[in-house]
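The file input.cif comes next; it holds mmCIF, C-alpha atoms.
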```cif
data_structure
#
loop_
_atom_site.group_PDB
_atom_site.id
_atom_site.type_symbol
_atom_site.label_atom_id
_atom_site.label_comp_id
_atom_site.auth_asym_id
_atom_site.auth_seq_id
_atom_site.Cartn_x
_atom_site.Cartn_y
_atom_site.Cartn_z
ATOM 1 C CA MET A 22 176.745 117.256 88.819
ATOM 2 C CA SER A 23 173.975 115.795 86.653
ATOM 3 C CA SER A 24 174.591 114.637 83.104
ATOM 4 C CA SER A 25 172.470 117.513 81.803
ATOM 5 C CA GLN A 26 174.595 120.020 83.719
ATOM 6 C CA LYS A 27 177.751 118.448 82.263
ATOM 7 C CA LEU A 28 176.307 118.796 78.775
ATOM 8 C CA ARG A 29 175.332 122.418 79.350
ATOM 9 C CA GLN A 30 178.863 123.197 80.540
ATOM 10 C CA LEU A 31 180.258 121.732 77.329
ATOM 11 C CA LEU A 32 177.778 123.756 75.281
ATOM 12 C CA ALA A 33 178.994 126.918 77.011
ATOM 13 C CA LYS A 34 182.543 126.370 75.763
ATOM 14 C CA PRO A 35 183.617 127.894 72.440
ATOM 15 C CA GLU A 36 184.690 124.656 70.745
ATOM 16 C CA ILE A 37 182.415 122.591 68.539
ATOM 17 C CA ILE A 38 181.382 119.266 70.106
ATOM 18 C CA VAL A 39 182.069 116.161 68.018
ATOM 19 C CA ILE A 40 179.599 113.443 69.003
ATOM 20 C CA PRO A 41 179.698 109.856 67.728
ATOM 21 C CA GLY A 42 176.548 107.806 67.359
ATOM 22 C CA VAL A 43 176.330 104.664 69.507
ATOM 23 C CA TYR A 44 173.845 101.830 69.401
ATOM 24 C CA ASP A 45 174.647 99.643 72.432
ATOM 25 C CA CYS A 46 176.601 99.725 75.685
ATOM 26 C CA LEU A 47 179.794 98.405 74.130
ATOM 27 C CA SER A 48 179.972 101.057 71.419
ATOM 28 C CA ALA A 49 179.182 103.693 74.063
ATOM 29 C CA LYS A 50 181.934 102.504 76.409
ATOM 30 C CA LEU A 51 184.426 102.494 73.551
ATOM 31 C CA ALA A 52 183.524 106.083 72.657
ATOM 32 C CA GLU A 53 183.973 107.158 76.275
ATOM 33 C CA LYS A 54 187.285 105.302 76.599
ATOM 34 C CA ILE A 55 188.623 106.956 73.449
ATOM 35 C CA GLY A 56 187.870 110.332 74.984
ATOM 36 C CA PHE A 57 184.629 111.699 73.565
ATOM 37 C CA ASP A 58 182.988 114.111 76.003
ATOM 38 C CA VAL A 59 179.438 113.329 74.817
ATOM 39 C CA VAL A 60 177.851 110.437 72.944
ATOM 40 C CA ALA A 61 174.472 110.113 71.262
ATOM 41 C CA THR A 62 172.266 107.166 70.534
ATOM 42 C CA SER A 63 171.524 106.455 66.906
ATOM 43 C CA GLY A 64 167.957 105.362 66.290
ATOM 44 C CA PHE A 65 169.160 103.933 62.989
ATOM 45 C CA GLY A 66 171.842 101.947 64.813
ATOM 46 C CA ILE A 67 169.540 100.687 67.554
ATOM 47 C CA ALA A 68 166.948 99.548 64.997
ATOM 48 C CA ALA A 69 169.622 97.737 62.999
ATOM 49 C CA SER A 70 171.379 96.137 65.963
ATOM 50 C CA THR A 71 168.337 95.115 68.004
ATOM 51 C CA LEU A 72 165.805 94.314 65.284
ATOM 52 C CA GLY A 73 167.890 93.881 62.140
ATOM 53 C CA LEU A 74 165.547 96.375 60.486
ATOM 54 C CA PRO A 75 165.939 99.802 58.862
ATOM 55 C CA ASP A 76 165.124 103.103 60.549
ATOM 56 C CA TYR A 77 161.481 103.075 59.473
ATOM 57 C CA GLY A 78 159.759 103.575 62.815
ATOM 58 C CA PHE A 79 159.758 99.911 63.786
ATOM 59 C CA LEU A 80 161.119 100.596 67.283
ATOM 60 C CA THR A 81 158.504 101.258 69.949
ATOM 61 C CA ALA A 82 158.966 103.820 72.704
ATOM 62 C CA THR A 83 159.490 100.994 75.205
ATOM 63 C CA GLU A 84 162.204 99.367 73.103
ATOM 64 C CA MET A 85 163.985 102.656 72.477
ATOM 65 C CA LEU A 86 163.914 103.787 76.094
ATOM 66 C CA TYR A 87 165.090 100.364 77.284
ATOM 67 C CA SER A 88 168.144 100.607 75.034
ATOM 68 C CA VAL A 89 168.760 104.248 75.915
ATOM 69 C CA GLY A 90 168.528 103.528 79.642
ATOM 70 C CA LYS A 91 171.048 100.696 79.505
ATOM 71 C CA ILE A 92 173.465 102.843 77.519
ATOM 72 C CA ALA A 93 173.093 105.780 79.932
ATOM 73 C CA GLN A 94 173.848 103.496 82.882
ATOM 74 C CA SER A 95 177.045 102.266 81.243
ATOM 75 C CA LEU A 96 178.511 105.771 80.881
ATOM 76 C CA SER A 97 179.895 108.576 82.996
ATOM 77 C CA VAL A 98 179.784 111.109 80.128
ATOM 78 C CA PRO A 99 176.530 112.773 78.984
ATOM 79 C CA LEU A 100 174.240 110.895 76.623
ATOM 80 C CA ILE A 101 171.976 112.533 74.046
ATOM 81 C CA ALA A 102 169.081 110.259 73.097
ATOM 82 C CA ASP A 103 167.431 110.126 69.700
ATOM 83 C CA LEU A 104 163.766 109.846 70.681
ATOM 84 C CA ASP A 105 162.315 110.141 67.189
ATOM 85 C CA THR A 106 158.979 111.997 67.233
ATOM 86 C CA GLY A 107 158.313 111.487 70.930
ATOM 87 C CA TYR A 108 156.037 108.521 70.086
ATOM 88 C CA GLY A 109 152.663 110.201 69.877
ATOM 89 C CA ASN A 110 150.925 113.442 70.739
ATOM 90 C CA VAL A 111 151.905 116.051 73.327
ATOM 91 C CA LEU A 112 150.846 113.807 76.208
ATOM 92 C CA ASN A 113 152.966 110.933 74.901
ATOM 93 C CA VAL A 114 155.882 113.340 74.492
ATOM 94 C CA MET A 115 155.545 114.415 78.133
ATOM 95 C CA ARG A 116 155.730 110.821 79.321
ATOM 96 C CA THR A 117 158.679 110.090 77.018
ATOM 97 C CA ILE A 118 160.577 113.099 78.351
ATOM 98 C CA LYS A 119 159.867 112.243 81.984
ATOM 99 C CA ASP A 120 161.125 108.709 81.362
ATOM 100 C CA ALA A 121 164.272 110.082 79.718
ATOM 101 C CA VAL A 122 164.955 112.291 82.744
ATOM 102 C CA GLN A 123 164.556 109.335 85.100
ATOM 103 C CA LEU A 124 166.992 107.301 82.989
ATOM 104 C CA GLY A 125 169.696 109.944 83.417
ATOM 105 C CA VAL A 126 169.736 111.152 79.817
ATOM 106 C CA ALA A 127 171.430 114.540 79.314
ATOM 107 C CA GLY A 128 169.655 115.625 76.143
ATOM 108 C CA VAL A 129 167.036 114.468 73.652
ATOM 109 C CA LEU A 130 166.231 114.897 69.966
ATOM 110 C CA LEU A 131 162.607 115.396 68.941
ATOM 111 C CA GLU A 132 161.812 115.537 65.226
ATOM 112 C CA ASP A 133 158.820 116.786 63.263
ATOM 113 C CA GLN A 134 158.280 113.815 60.963
ATOM 114 C CA GLU A 135 155.016 111.977 60.675
ATOM 115 C CA TRP A 136 154.929 108.618 62.447
ATOM 116 C CA PRO A 137 156.132 106.117 61.416
ATOM 117 C CA LYS A 138 159.266 108.149 60.712
ATOM 118 C CA LYS A 139 162.202 107.388 58.443
ATOM 119 C CA CYS A 140 165.928 107.974 58.610
ATOM 120 C CA GLY A 141 166.596 111.620 57.882
ATOM 121 C CA HIS A 142 168.652 110.706 54.800
ATOM 122 C CA PHE A 143 166.029 108.405 53.269
ATOM 123 C CA GLU A 144 163.580 109.439 50.557
ATOM 124 C CA GLY A 145 159.852 109.891 51.105
ATOM 125 C CA LYS A 146 159.826 111.726 54.434
ATOM 126 C CA ARG A 147 156.693 113.589 55.521
ATOM 127 C CA VAL A 148 156.389 116.168 58.294
ATOM 128 C CA ILE A 149 153.615 117.159 60.647
ATOM 129 C CA PRO A 150 152.285 120.761 60.799
ATOM 130 C CA THR A 151 154.596 123.291 62.417
ATOM 131 C CA GLU A 152 152.055 124.044 65.135
ATOM 132 C CA GLU A 153 151.836 120.396 66.124
ATOM 133 C CA HIS A 154 155.571 120.031 66.645
ATOM 134 C CA THR A 155 155.735 123.402 68.386
ATOM 135 C CA GLY A 156 153.250 121.991 70.873
ATOM 136 C CA LYS A 157 155.450 118.931 71.355
ATOM 137 C CA ILE A 158 158.469 121.123 72.107
ATOM 138 C CA LYS A 159 156.480 123.141 74.634
ATOM 139 C CA ALA A 160 155.249 119.926 76.245
ATOM 140 C CA ALA A 161 158.809 118.609 76.444
ATOM 141 C CA VAL A 162 160.007 121.826 78.085
ATOM 142 C CA GLU A 163 157.303 121.532 80.733
ATOM 143 C CA ALA A 164 157.882 117.806 81.279
ATOM 144 C CA ARG A 165 161.622 118.182 81.914
ATOM 145 C CA GLY A 166 160.882 120.359 84.963
ATOM 146 C CA ASP A 167 164.033 121.554 86.692
ATOM 147 C CA SER A 168 166.151 118.638 85.421
ATOM 148 C CA GLY A 169 168.099 120.759 82.944
ATOM 149 C CA LEU A 170 167.481 118.228 80.161
ATOM 150 C CA VAL A 171 168.739 119.691 76.878
ATOM 151 C CA ILE A 172 166.061 119.670 74.172
ATOM 152 C CA ILE A 173 167.184 119.508 70.546
ATOM 153 C CA ALA A 174 164.441 120.318 68.054
ATOM 154 C CA ARG A 175 164.951 118.610 64.711
ATOM 155 C CA THR A 176 163.137 119.485 61.525
ATOM 156 C CA ASP A 177 163.059 117.196 58.501
ATOM 157 C CA ALA A 178 161.226 119.743 56.368
ATOM 158 C CA ARG A 179 164.159 120.401 54.011
ATOM 159 C CA ALA A 180 163.431 117.392 51.806
ATOM 160 C CA PRO A 181 159.641 117.640 51.399
ATOM 161 C CA LEU A 182 159.123 121.408 51.759
ATOM 162 C CA GLY A 183 162.439 123.131 51.065
ATOM 163 C CA LEU A 184 165.102 124.930 53.046
ATOM 164 C CA GLU A 185 163.121 128.128 53.573
ATOM 165 C CA GLU A 186 160.331 126.208 55.297
ATOM 166 C CA ALA A 187 162.870 124.274 57.388
ATOM 167 C CA ILE A 188 164.377 127.552 58.601
ATOM 168 C CA ALA A 189 160.935 128.957 59.402
ATOM 169 C CA ARG A 190 160.130 125.856 61.423
ATOM 170 C CA GLY A 191 163.451 126.161 63.217
ATOM 171 C CA ARG A 192 162.538 129.670 64.365
ATOM 172 C CA ALA A 193 159.197 128.415 65.670
ATOM 173 C CA TYR A 194 160.786 125.538 67.572
ATOM 174 C CA ILE A 195 163.396 127.764 69.199
ATOM 175 C CA ALA A 196 160.647 130.207 70.191
ATOM 176 C CA ALA A 197 158.796 127.268 71.763
ATOM 177 C CA GLY A 198 161.726 126.629 74.099
ATOM 178 C CA ALA A 199 164.124 124.251 72.349
ATOM 179 C CA ASP A 200 167.753 124.718 73.408
ATOM 180 C CA ILE A 201 169.371 123.604 70.144
ATOM 181 C CA LEU A 202 168.243 123.469 66.521
ATOM 182 C CA PHE A 203 168.882 120.575 64.149
ATOM 183 C CA VAL A 204 167.950 121.115 60.503
ATOM 184 C CA GLU A 205 168.303 117.648 59.031
ATOM 185 C CA ALA A 206 169.892 116.843 55.666
ATOM 186 C CA PRO A 207 170.933 120.171 54.098
ATOM 187 C CA GLN A 208 172.281 119.259 50.690
ATOM 188 C CA SER A 209 175.187 121.638 50.095
ATOM 189 C CA VAL A 210 177.726 123.872 51.790
ATOM 190 C CA GLU A 211 175.607 126.824 50.676
ATOM 191 C CA GLU A 212 172.619 125.421 52.550
ATOM 192 C CA LEU A 213 174.723 124.885 55.670
ATOM 193 C CA LYS A 214 175.830 128.515 55.424
ATOM 194 C CA ALA A 215 172.224 129.667 55.029
ATOM 195 C CA ILE A 216 171.183 127.809 58.173
ATOM 196 C CA ALA A 217 174.062 129.262 60.161
ATOM 197 C CA SER A 218 173.302 132.783 58.905
ATOM 198 C CA ALA A 219 169.637 132.441 59.886
ATOM 199 C CA PHE A 220 170.506 131.443 63.470
ATOM 200 C CA PRO A 221 173.660 133.340 64.477
ATOM 201 C CA ASP A 222 172.996 133.081 68.215
ATOM 202 C CA ILE A 223 171.481 129.581 68.422
ATOM 203 C CA PRO A 224 173.460 126.352 68.979
ATOM 204 C CA LEU A 225 173.167 124.388 65.739
ATOM 205 C CA VAL A 226 173.585 120.704 64.876
ATOM 206 C CA ALA A 227 175.189 119.329 61.735
ATOM 207 C CA ASN A 228 174.603 115.645 61.011
ATOM 208 C CA ILE A 229 177.207 113.867 58.906
ATOM 209 C CA VAL A 230 176.099 110.539 57.460
ATOM 210 C CA GLU A 231 178.701 108.913 55.258
ATOM 211 C CA GLY A 232 177.022 108.499 51.884
ATOM 212 C CA GLY A 233 174.116 110.707 52.995
ATOM 213 C CA LYS A 234 172.799 114.007 51.677
ATOM 214 C CA THR A 235 174.901 116.474 53.710
ATOM 215 C CA PRO A 236 178.476 117.291 52.624
ATOM 216 C CA SER A 237 181.068 115.544 54.809
ATOM 217 C CA LEU A 238 182.781 118.602 56.228
ATOM 218 C CA SER A 239 185.251 118.437 59.103
ATOM 219 C CA ALA A 240 184.432 119.646 62.589
ATOM 220 C CA ASP A 241 186.721 122.645 62.102
ATOM 221 C CA ASP A 242 184.960 123.614 58.888
ATOM 222 C CA LEU A 243 181.547 123.308 60.525
ATOM 223 C CA GLN A 244 182.651 125.378 63.512
ATOM 224 C CA ASN A 245 183.878 128.085 61.145
ATOM 225 C CA LEU A 246 180.431 128.083 59.523
ATOM 226 C CA GLY A 247 178.781 128.547 62.913
ATOM 227 C CA PHE A 248 177.732 125.075 64.072
ATOM 228 C CA LYS A 249 178.021 123.985 67.715
ATOM 229 C CA ILE A 250 177.512 120.210 67.456
ATOM 230 C CA VAL A 251 178.409 117.703 64.780
ATOM 231 C CA PHE A 252 176.929 114.227 64.964
ATOM 232 C CA PHE A 253 178.523 111.257 63.225
ATOM 233 C CA PRO A 254 175.566 108.940 63.889
ATOM 234 C CA LEU A 255 176.434 105.933 61.721
ATOM 235 C CA THR A 256 180.234 105.990 61.587
ATOM 236 C CA GLY A 257 180.751 103.347 64.272
ATOM 237 C CA LEU A 258 177.951 101.132 62.987
ATOM 238 C CA LEU A 259 179.296 101.191 59.433
ATOM 239 C CA ALA A 260 182.856 100.529 60.596
ATOM 240 C CA VAL A 261 181.841 97.587 62.785
ATOM 241 C CA THR A 262 179.726 96.131 59.981
ATOM 242 C CA GLN A 263 182.698 96.225 57.601
ATOM 243 C CA THR A 264 185.121 94.774 60.140
ATOM 244 C CA LEU A 265 182.736 91.998 61.157
ATOM 245 C CA THR A 266 182.078 91.170 57.511
ATOM 246 C CA ASN A 267 185.807 90.864 56.893
ATOM 247 C CA CYS A 268 186.320 88.712 59.978
ATOM 248 C CA LEU A 269 183.480 86.290 59.305
ATOM 249 C CA THR A 270 184.385 86.032 55.636
ATOM 250 C CA HIS A 271 187.946 85.148 56.630
ATOM 251 C CA LEU A 272 186.701 82.536 59.125
ATOM 252 C CA LYS A 273 184.360 81.000 56.557
ATOM 253 C CA GLN A 274 187.048 80.786 53.909
ATOM 254 C CA GLN A 275 190.018 79.786 56.077
ATOM 255 C CA GLY A 276 188.347 77.847 58.871
ATOM 256 C CA THR A 277 190.500 79.720 61.406
ATOM 257 C CA THR A 278 191.187 83.208 62.732
ATOM 258 C CA ALA A 279 194.804 82.421 63.595
ATOM 259 C CA ASN A 280 196.157 84.816 60.980
ATOM 260 C CA PHE A 281 193.380 87.407 61.125
ATOM 261 C CA THR A 282 195.005 90.433 62.743
ATOM 262 C CA ASP A 283 192.142 92.914 63.071
ATOM 263 C CA LEU A 284 190.959 91.626 66.443
ATOM 264 C CA VAL A 285 191.042 93.301 69.854
ATOM 265 C CA ASN A 286 193.257 91.508 72.341
ATOM 266 C CA PHE A 287 191.134 89.379 74.671
ATOM 267 C CA LYS A 288 192.799 90.888 77.737
ATOM 268 C CA ASP A 289 192.137 94.405 76.497
ATOM 269 C CA PHE A 290 188.496 93.546 75.925
ATOM 270 C CA GLN A 291 188.217 92.254 79.484
ATOM 271 C CA GLU A 292 189.634 95.571 80.696
ATOM 272 C CA LEU A 293 187.038 97.474 78.679
ATOM 273 C CA VAL A 294 184.077 95.700 80.252
ATOM 274 C CA GLY A 295 185.563 95.742 83.760
ATOM 275 C CA VAL A 296 186.460 92.100 84.342
ATOM 276 C CA PRO A 297 189.446 92.881 86.675
ATOM 277 C CA GLN A 298 187.315 95.131 88.888
ATOM 278 C CA PHE A 299 184.550 92.563 89.164
ATOM 279 C CA LEU A 300 187.024 89.798 89.981
ATOM 280 C CA GLN A 301 188.505 91.971 92.720
ATOM 281 C CA MET A 302 185.063 92.758 94.100
ATOM 282 C CA GLU A 303 184.071 89.096 94.027
ATOM 283 C CA LYS A 304 187.283 88.141 95.841
ATOM 284 C CA LYS A 305 186.758 90.828 98.474
ATOM 285 C CA PHE A 306 183.261 89.755 99.416
ATOM 286 C CA THR A 307 184.070 86.058 99.194
ATOM 287 C CA LEU A 308 186.945 86.540 101.682
ATOM 288 C CA GLU A 309 184.706 88.572 103.986
ATOM 289 C CA ASN A 310 182.135 85.777 103.994
ATOM 290 C CA ASP A 311 184.823 83.168 104.690
ATOM 291 C CA GLU A 312 185.933 85.109 107.748
#
```
Render the structure in this file as structure tokens.
Amino acid sequence: MSSSQKLRQLLAKPEIIVIPGVYDCLSAKLAEKIGFDVVATSGFGIAASTLGLPDYGFLTATEMLYSVGKIAQSLSVPLIADLDTGYGNVLNVMRTIKDAVQLGVAGVLLEDQEWPKKCGHFEGKRVIPTEEHTGKIKAAVEARGDSGLVIIARTDARAPLGLEEAIARGRAYIAAGADILFVEAPQSVEELKAIASAFPDIPLVANIVEGGKTPSLSADDLQNLGFKIVFFPLTGLLAVTQTLTNCLTHLKQQGTTANFTDLVNFKDFQELVGVPQFLQMEKKFTLENDE
């Protein structure tokens, strides 16, 4: 079964899907080990971890797809890839989608911001015309062929144009063939309810950024409102940043980590990245060669 088929099976179930954001292979493997059924790349996280820069459109398509491909290869659960605006016009979107299919991605996000884009919870966002993004969604649907790739249409129109316009764009994107709708950065529970009421039969995404614009509701609360997916795109990145800050501060001040307890056991880390399996494989083939 392909990763896209696995994702579609999960979408067919009644429960809301809680999806953590990941930004490299290690964070992805940890999410899978802990038991998440789906993970999603965070463009914010990839920009921060690979470039040390904010989510301001600095990542190129090549850089993003390289990271996405490596993460997809490290997993056995479906991966949803944040592919920003698709990196150009409808023809660029078609190439981006075909590359995503070849990399084994299960689903993609395509947003209607102008390029260079910004994080959905930053100020100063601008969006392209509805018709232009509708064309991108149609192009993506054609480019995925029979792969089953799940297409999530994201609109960032709430901030610059208001909720009513964001809902209108959502209807256009669903009509163009998107499987799931993602209205970014609603600013209250009432706005979340309005989105759910406008799309009673469409799978909807809620995006919870700690310290962002959307209320931090639980998965159960969001499911009761009518949402199908909840992303926590920055949770892991923020947690790792805090833990690493604490660790390095301790090392700088104490000159040792002997009494710093918030470290993963070295043996457990080796298990996570597969050291025992690779040692066994190496031993097997070395013995075969010796014979």
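The residues caught by the PyMOL selection byres ((chain A and resi 53) around 12) in this file are Ile40, Pro41, Gly42, Val43, Cys46, Leu47, Ser48, Ala49, Lys50, Leu51, Ala52, Lys54, Ile55, Gly56, Phe57, Asp58, Val59, Val60, Ala61, Ile92, Ala93, Ser95, Leu96, Ser97, Val98, Pro99, Leu100 and Leu293 of chain A.
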The selected residues should be written to file as a short mmCIF file (atom, residue, chain, number, x, y, z; two decimals), in the frame of the given file (atoms: C-alpha atoms).
```
data_model
loop_
_atom_site.label_atom_id
_atom_site.label_comp_id
_atom_site.auth_asym_id
_atom_site.auth_seq_id
_atom_site.Cartn_x
_atom_site.Cartn_y
_atom_site.Cartn_z
CA ILE A 40 179.60 113.44 69.00
CA PRO A 41 179.70 109.86 67.73
CA GLY A 42 176.55 107.81 67.36
CA VAL A 43 176.33 104.66 69.51
CA CYS A 46 176.60 99.72 75.68
CA LEU A 47 179.79 98.40 74.13
CA SER A 48 179.97 101.06 71.42
CA ALA A 49 179.18 103.69 74.06
CA LYS A 50 181.93 102.50 76.41
CA LEU A 51 184.43 102.49 73.55
CA ALA A 52 183.52 106.08 72.66
CA LYS A 54 187.28 105.30 76.60
CA ILE A 55 188.62 106.96 73.45
CA GLY A 56 187.87 110.33 74.98
CA PHE A 57 184.63 111.70 73.56
CA ASP A 58 182.99 114.11 76.00
CA VAL A 59 179.44 113.33 74.82
CA VAL A 60 177.85 110.44 72.94
CA ALA A 61 174.47 110.11 71.26
CA ILE A 92 173.46 102.84 77.52
CA ALA A 93 173.09 105.78 79.93
CA SER A 95 177.04 102.27 81.24
CA LEU A 96 178.51 105.77 80.88
CA SER A 97 179.90 108.58 83.00
CA VAL A 98 179.78 111.11 80.13
CA PRO A 99 176.53 112.77 78.98
CA LEU A 100 174.24 110.90 76.62
CA LEU A 293 187.04 97.47 78.68
#
```
Hey, can I get the axis-aligned box for region 113-129 of chain A? All listed atoms, 5 Å padding on each side, centre and edge lengths in Å to one decimal, as JSON.
```
{"center_x": 162.2, "center_y": 111.5, "center_z": 79.4, "size_x": 28.5, "size_y": 18.3, "size_z": 21.4}
```
Residue IDs satisfying the PyMOL selection byres ((chain A and resi 184) around 10), as an MDAnalysis selection string:
chainID A and resid 177:183 185:190 204:208 212:213 215:216
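Residues in contact with Met22 (chain A) at 12 Å, where all atoms listed in the file are counted and same-chain residues fewer than 5 positions away are skipped, are listed as Lys27, Leu28, Arg29, Gln30, Ser97, Val98, Pro99, Gly125, Ala127, Ser168 and Gly169 of chain A.
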What does the PyMOL selection byres ((chain A and resi 266-269) around 12) select in this file, as a short mmCIF file (atom, residue, chain, number, x, y, z; two decimals) with C-alpha atoms, in the frame of the given file?
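To be explicit, this is the file written out as part-v7.cif:
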```
data_model
loop_
_atom_site.label_atom_id
_atom_site.label_comp_id
_atom_site.auth_asym_id
_atom_site.auth_seq_id
_atom_site.Cartn_x
_atom_site.Cartn_y
_atom_site.Cartn_z
CA LEU A 259 179.30 101.19 59.43
CA ALA A 260 182.86 100.53 60.60
CA VAL A 261 181.84 97.59 62.78
CA THR A 262 179.73 96.13 59.98
CA GLN A 263 182.70 96.22 57.60
CA THR A 264 185.12 94.77 60.14
CA LEU A 265 182.74 92.00 61.16
CA THR A 270 184.38 86.03 55.64
CA HIS A 271 187.95 85.15 56.63
CA LEU A 272 186.70 82.54 59.12
CA LYS A 273 184.36 81.00 56.56
CA GLN A 274 187.05 80.79 53.91
CA GLN A 275 190.02 79.79 56.08
CA GLY A 276 188.35 77.85 58.87
CA THR A 277 190.50 79.72 61.41
CA THR A 278 191.19 83.21 62.73
CA ALA A 279 194.80 82.42 63.60
CA ASN A 280 196.16 84.82 60.98
CA PHE A 281 193.38 87.41 61.12
CA THR A 282 195.00 90.43 62.74
CA ASP A 283 192.14 92.91 63.07
CA LEU A 284 190.96 91.63 66.44
CA VAL A 285 191.04 93.30 69.85
#
```
Can you work out the spacing between CA of Phe253 (chain A) and CA of Ile229 (chain A) in Å, to one decimal?
5.2 Å
